[in-house]
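I have placed the structure first, in the form of structure tokens, so that the comments after it can refer back to it.
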Amino acid sequence: MLRDSFGRVATDLRVSLTDKCNLRCTYCMPPEGLDWLPNAQLLTADEIVRLVTIGVERLGITEVRYTGGEPLLRRELPDIVARTVVLAPRPQVSLTTNGIGLARLAGVLVEAGLDRVNVSLDTLDRDTFKRLAHRDRFDDVIAGLSAAHEVGLRPVKVNTVLMRDINDHEAVPLLRYCLEQGYELRFIEQMPLDAQHGWSREGMVTADEILAMLSASFDLTADDLEDRGSAPAERFLVDGGPARVGVIGSVTRPFCGACDRVRLTADGQIRNCLFATEESDLKTPLRAGASDEELAARWIAAVSRKRAGHGIDDPSFLQPSRPMSAIGG
């Protein structure tokens, strides 16, 4: 197993398929974009599947989530999903996406075996979307959400980051919209993972603020019947249920003590935390001919060094040099 020195066991693998993205969300990257990784540095589809296979069949990974950048930009995505779901024991396979292109690919991904999807949507206003993402793709995201729901990727989960004085007034409308459409909304505190390093605690809309805004219009009760376990979201029944809303307080309500996640970047580095400043290279030994046993041993050693928490509240905290688009969500 992938056990760290604090007794936590990593069973949830987040795999970044690319650092490229077709949006420029302000909490992730600058409007002009970033210098993408050269294709030669990216893991090939075969290399991705090999490492995922080692994780699942040798190291106890039970959930695989494909991320980016924007994973729908990776042409081999349906094939990678299909080759993942046939592993034994079969892992749950999910996708985190901005939704652009999902209307076209949702059915293909279901046929490949995808279990569920998380789609980012920060606003219901087209002008605000353009301001946040620097691209006029609002209709594409809405169409992607609808397509995912229609082909059975339910519940479709919606990820929302509220930005102070930009879209924080939309908390209630966003929840109403998701309730009407049958989606499950997750609010996520903005994290210090932007390429510009412009994040500040004062500018972040906190979990407490989000819950206060929602509680003014809805009756929220903690979902006590559900064991949260290692899940990052605190879930609340809305007006008695069965609909739920989640709040992920990554900064103000950290859940590091129960974390079961490990990350594989698009260029083959193991990261134990979104905010880690260290990485462990699997790509170089893989391409040098390392056996599955050797790669598994390196992976085990990497996870054993996982720190107790992300340390955002520590005065010595340093934002990772890689932005979210290069790490994988």
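In the structure tokens, each chain is lettered A, B, ... as it comes, each chain's residues begin at 1, and ligands are numbered from 1 in order of appearance.
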- Message: For the structure I just gave you, how does DSSP split segment 89-165 of chain A - specifically, which residues are strand (DSSP E)? Reply as a list in words.
- Response: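 The residues of segment 89-165 of chain A classed as strand (DSSP E) are Gln92, Val93, Ser94, Leu95, Thr96, Thr97, Arg116, Val117, Asn118, Val119, Ser120, Lys157, Val158, Asn159 and Thr160 of chain A.
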Give me the residues within 6 Å of Asp267 of chain A as a short mmCIF file (atom, residue, chain, number, x, y, z; two decimals) with C-alpha atoms, in the first residue's frame, counting only C-alpha atoms and dropping any in the same chain fewer than 5 places off.
```
data_model
loop_
_atom_site.label_atom_id
_atom_site.label_comp_id
_atom_site.auth_asym_id
_atom_site.auth_seq_id
_atom_site.Cartn_x
_atom_site.Cartn_y
_atom_site.Cartn_z
CA GLN A 41 8.13 15.61 -21.83
CA LEU A 42 4.54 14.41 -21.49
CA LEU A 43 3.82 10.82 -20.58
#
```
- Item | Per-residue DSSP, segment 74-164 of chain A, filtered to alpha helix (DSSP H), as a VMD selection string | chain A and resid 77 to 85 102 to 112 126 to 133 138 to 150
- Message: Would you pick out the contacts of segment 209-216 of chain A at 12 Å or less, using only C-alpha atoms, so that residues sharing its chain but fewer than 2 positions from it are not included, and give the list as number ranges by chain?
- Response: A: 160-164, 167-176, 185-190, 204-207, 218-222, 234-239, 245-249, 252
- Selected residue of minimal separation from Val251 of chain A among A:Pro30, A:Gly309, A:Gly268, A:Gly60, counting only C-alpha atoms: A:Gly309
- In terms of the shortest atom-to-atom distance over only C-alpha atoms, which of A:Pro242, A:Gly55, A:Pro31, A:Pro71 is closest to His134 of chain A? A:Pro31
- Determine, counting only C-alpha atoms, which protein, DNA and RNA residues have an atom within 10 Å of an atom of Arg3 of chain A; residues of the same chain fewer than 2 positions away are not included. Present the result as a ChimeraX atom specification. /A:1,5-11,59,260,300-306
- Message: Please determine, counting only C-alpha atoms, which residue among A:Ala40, A:Ala258, A:Ala308, A:Ile142 has the shortest atom-to-atom distance to Phe275 of chain A.
- Response: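 Among the listed residues, the smallest separation from Phe275 of chain A belongs to A:Ala308.
The closest residue to Leu264 of chain A, picked from A:Ala233, A:Trp36, A:Leu51, A:Leu23 and counting only C-alpha atoms, is A:Leu51.
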- Message: Please compute the atom CA of Ile80 of chain A-atom CA of Ala147 of chain A distance, one decimal, in Å.
- Response: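 Straight-line distance from atom CA of Ile80 of chain A to atom CA of Ala147 of chain A works out to 20.7 Å.
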